[in-house]
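I have placed the structure first, in the form of structure tokens, so that the comments after it can refer back to it.
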Amino acid sequence: MIETLSKIGGHTAASLGPVELTLALHYCFDTPRDRLIWDVGHQAYSHKIITGRRDRFPTVKQYGGLSGFLRREESPYDVFNAGHAGTSISAALGMAIARDLKGEEFHVVAVIGDGGLTAGMAMEAFNQAGHEKRRLIVVLNDNEMSIAPNVGAVSGYLNRIRGGQPYNTIKDEIEELLKSIPGVGEMMFKSAKMVKDAISRAFVPGVLAEELGFRYYGPINGHDTDALIEVFNEARHLDHPVLIHTLTMKGKGYEPAERDPYSWHGTTPFDIATGSFIKAKATAPTYTQVFAETTAKMMEQDDRVVAITAAMPDGTGLNKVSPRFPDRVIDVGIAEQHAVTLAAGMALEGISRFAPSTRRSFSARSIRSFTTSA
Ligand SMILES: Cc1ncc(C[n+]2csc(CCOP(=O)(O)OP(=O)(O)O)c2C)c(N)n1
């Protein structure tokens, strides 16, 4: 993967992080019969390599070659085409409902990042899945990063879980505690598995997920294949929604990417030995530069101008603007619809102009229409 990406660039850190996760998933689940759905699809190079596309991997992202994302047209192992973040749980739940209607038996597994989980659609799907209570497995690939460091209260909650005790340790401790109660404890330990589970669950770090109808497992080291295999095999036998919270390091296995996962999320070609990026000489200012400079100029001239980005501070260049206007550059996470309505609320209170930005072309169009209508 590193060799190919050094020549053509690509989602280097994003795809290096979940390698062990990918291997463990394919080891435990019978893909493509079991459906494996990757959120966005930018982290799935290892999935491509081990599902019959190793020889063609050097063609990835090139004309006539493999797609950089998942493509149903490319392989039966790619069960859902995406690109936008936050879609995987919806697609997985849809497949689970269809499976049950057809009376079939396969597993459906969605893999979503902690960034993707900030998307409204992911929350909507989570909400329905917890209510539907169908057999569905959601694997959270938590590396504390969106493209930039992740933002928001959910991200803060995941951070607190990271610092807590894993579920299995809590369960062991409670078993020991029960056994130590003379007479009653030994009996309870042997006979009342439900009581033991219930007490353990009350201390589970992912209690919010449990309250929303998911059985929570984690946090689990996402680079420990044995631990992953154990939990996936356990989850296979449950008949309700499961959330498996894995902790991974973006860029794992390539030191420069581990050190600076932000810059290495998606890269240009690079020198493997030094880790320096090979950039084509720019003949004109980039769109990002022009956009960022123009926005900064507008913010300087009018203190009602606020810039809003949906998890793309670097792609829009707003990361260069925010040090100058820390109160007026807002990263809302992967939440475009929220960003637009948030801006509408601000506009109604006299903060009239904004730049909602996820993609460069989108920013150009939207800033024009909103500044003219403001
Ligand atoms: C709706 C939407 N907004 C923004 C993006 C741009 N984008 C691509 S990947 C990504 C970060 C995803 O973070 P996470 O889900 O945690 O995955 P990771 O790369 O950390 O594995 C973003 C913001 C997108 N693909 N879709």
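Naming scheme: A, B, ... for chains in displayed order of the structure tokens; residues 1 onward per chain; ligands 1 onward as shown.
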
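Around Ala122 in chain A, within 9 Å and counting only C-alpha atoms, the residues found are A:Ala85, A:Gly86, A:Thr87, A:Ser88, A:Ile89, A:Ser90, A:Ile112, A:Gly116, A:Leu117, A:Thr118, A:Ala119, A:Gly120, A:Glu124, A:Ala125, A:Phe126, A:Asn127, once anything fewer than 2 positions away on its own chain is removed.
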
Keeping only N, CA, C and O atoms, write the selected residues to a file as a JSON list (two decimals), in the first residue's frame.
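The new file part_20.json reads:
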```
[["chain", "number", "residue", "atom", "x", "y", "z"],
["A", 85, "ALA", "N", -19.57, 10.89, 3.79],
["A", 85, "ALA", "CA", -19.47, 10.25, 5.10],
["A", 85, "ALA", "C", -20.85, 10.14, 5.76],
["A", 85, "ALA", "O", -21.74, 10.94, 5.50],
["A", 86, "GLY", "N", -20.99, 9.13, 6.61],
["A", 86, "GLY", "CA", -22.18, 9.03, 7.46],
["A", 86, "GLY", "C", -23.28, 8.15, 6.91],
["A", 86, "GLY", "O", -24.36, 8.05, 7.50],
["A", 87, "THR", "N", -23.04, 7.47, 5.77],
["A", 87, "THR", "CA", -24.13, 6.71, 5.14],
["A", 87, "THR", "C", -24.19, 5.24, 5.57],
["A", 87, "THR", "O", -25.18, 4.56, 5.32],
["A", 88, "SER", "N", -23.11, 4.73, 6.18],
["A", 88, "SER", "CA", -22.97, 3.27, 6.31],
["A", 88, "SER", "C", -24.03, 2.62, 7.18],
["A", 88, "SER", "O", -24.51, 1.52, 6.87],
["A", 89, "ILE", "N", -24.43, 3.27, 8.29],
["A", 89, "ILE", "CA", -25.39, 2.59, 9.19],
["A", 89, "ILE", "C", -26.77, 2.55, 8.52],
["A", 89, "ILE", "O", -27.48, 1.55, 8.63],
["A", 90, "SER", "N", -27.12, 3.62, 7.78],
["A", 90, "SER", "CA", -28.39, 3.61, 7.05],
["A", 90, "SER", "C", -28.41, 2.47, 6.04],
["A", 90, "SER", "O", -29.38, 1.70, 5.96],
["A", 112, "ILE", "N", -17.69, 2.41, 10.59],
["A", 112, "ILE", "CA", -17.80, 3.88, 10.52],
["A", 112, "ILE", "C", -16.73, 4.51, 11.40],
["A", 112, "ILE", "O", -16.40, 3.99, 12.47],
["A", 116, "GLY", "N", -17.23, 10.15, 10.89],
["A", 116, "GLY", "CA", -18.49, 9.81, 10.23],
["A", 116, "GLY", "C", -19.66, 9.78, 11.22],
["A", 116, "GLY", "O", -20.79, 10.12, 10.87],
["A", 117, "LEU", "N", -19.35, 9.40, 12.44],
["A", 117, "LEU", "CA", -20.41, 9.31, 13.46],
["A", 117, "LEU", "C", -20.96, 10.68, 13.85],
["A", 117, "LEU", "O", -22.03, 10.77, 14.43],
["A", 118, "THR", "N", -20.25, 11.76, 13.50],
["A", 118, "THR", "CA", -20.78, 13.10, 13.81],
["A", 118, "THR", "C", -21.84, 13.51, 12.79],
["A", 118, "THR", "O", -22.52, 14.53, 12.96],
["A", 119, "ALA", "N", -21.97, 12.76, 11.70],
["A", 119, "ALA", "CA", -22.93, 13.12, 10.66],
["A", 119, "ALA", "C", -24.36, 12.88, 11.15],
["A", 119, "ALA", "O", -24.64, 11.87, 11.80],
["A", 120, "GLY", "N", -25.23, 13.81, 10.81],
["A", 120, "GLY", "CA", -26.63, 13.69, 11.20],
["A", 120, "GLY", "C", -27.23, 12.37, 10.74],
["A", 120, "GLY", "O", -27.94, 11.70, 11.48],
["A", 124, "GLU", "N", -29.22, 9.52, 12.79],
["A", 124, "GLU", "CA", -30.60, 9.14, 12.46],
["A", 124, "GLU", "C", -30.69, 7.61, 12.32],
["A", 124, "GLU", "O", -31.63, 6.98, 12.80],
["A", 125, "ALA", "N", -29.69, 7.04, 11.66],
["A", 125, "ALA", "CA", -29.69, 5.58, 11.46],
["A", 125, "ALA", "C", -29.50, 4.86, 12.79],
["A", 125, "ALA", "O", -30.15, 3.84, 13.06],
["A", 126, "PHE", "N", -28.62, 5.37, 13.61],
["A", 126, "PHE", "CA", -28.35, 4.79, 14.94],
["A", 126, "PHE", "C", -29.64, 4.78, 15.75],
["A", 126, "PHE", "O", -30.01, 3.79, 16.38],
["A", 127, "ASN", "N", -30.35, 5.90, 15.67],
["A", 127, "ASN", "CA", -31.63, 6.06, 16.37],
["A", 127, "ASN", "C", -32.62, 4.98, 15.94],
["A", 127, "ASN", "O", -33.25, 4.31, 16.77]]
```

_Cut-off 7 Å, only C-alpha atoms and all ligand atoms, neighbours of ligand 1 as number ranges by chain_ = A: 14, 39-40, 42-43, 83-86, 112-117, 141-147, 250, 265, 310-312, 334-336, 358

*Report the residues of range 216-298 of chain A whose backbone DSSP state falls under helix (DSSP H, G or I), written as a PyMOL selection string.*
chain A and resi 225-235+255-259+261-264+287-298

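Between CA of Ala148 in chain A and CA of Gly333 in chain A there is a distance of 9.6 Å.
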
*Find the residues around Ala98 in chain A up to 12 Å (only C-alpha atoms counted), leave out those fewer than 6 positions away in its own chain, and share them as a PyMOL selection string.*
chain A and resi 91-92+104-108+134-135

Keeping N, CA and C atoms for every residue in the selection just given, could you write it to a file as a JSON list (two decimals), in the first residue's frame?
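The new file out13.json reads:
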```json
[["chain", "number", "residue", "atom", "x", "y", "z"],
["A", 91, "ALA", "N", -27.33, 2.36, 5.25],
["A", 91, "ALA", "CA", -27.28, 1.31, 4.23],
["A", 91, "ALA", "C", -27.32, -0.07, 4.88],
["A", 92, "ALA", "N", -26.59, -0.21, 5.99],
["A", 92, "ALA", "CA", -26.54, -1.52, 6.66],
["A", 92, "ALA", "C", -27.91, -1.88, 7.23],
["A", 104, "GLU", "N", -33.64, -14.41, 5.01],
["A", 104, "GLU", "CA", -32.26, -14.91, 4.87],
["A", 104, "GLU", "C", -31.49, -14.73, 6.16],
["A", 105, "GLU", "N", -30.22, -15.16, 6.17],
["A", 105, "GLU", "CA", -29.53, -15.30, 7.45],
["A", 105, "GLU", "C", -28.22, -14.52, 7.59],
["A", 106, "PHE", "N", -27.77, -13.86, 6.53],
["A", 106, "PHE", "CA", -26.40, -13.30, 6.57],
["A", 106, "PHE", "C", -26.25, -12.17, 7.61],
["A", 107, "HIS", "N", -24.99, -11.88, 7.94],
["A", 107, "HIS", "CA", -24.69, -10.76, 8.84],
["A", 107, "HIS", "C", -24.52, -9.47, 8.04],
["A", 108, "VAL", "N", -24.82, -8.37, 8.68],
["A", 108, "VAL", "CA", -24.56, -7.06, 8.06],
["A", 108, "VAL", "C", -23.67, -6.28, 9.02],
["A", 134, "ARG", "N", -32.88, -5.03, 15.18],
["A", 134, "ARG", "CA", -32.53, -6.13, 14.27],
["A", 134, "ARG", "C", -31.07, -6.52, 14.45],
["A", 135, "ARG", "N", -30.72, -7.70, 13.95],
["A", 135, "ARG", "CA", -29.34, -8.18, 14.01],
["A", 135, "ARG", "C", -28.48, -7.32, 13.07]]
```

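Minimum distance to Ala13 in chain A across A:Ser263, A:Thr309, A:Thr341, A:Ser46 (counting only C-alpha atoms) occurs at A:Ser263.
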
*Residues within 8 Å of Gly206 in chain A, only C-alpha atoms, excluding chain neighbours under 6 positions, as a ChimeraX atom specification*: /A:161,216-218
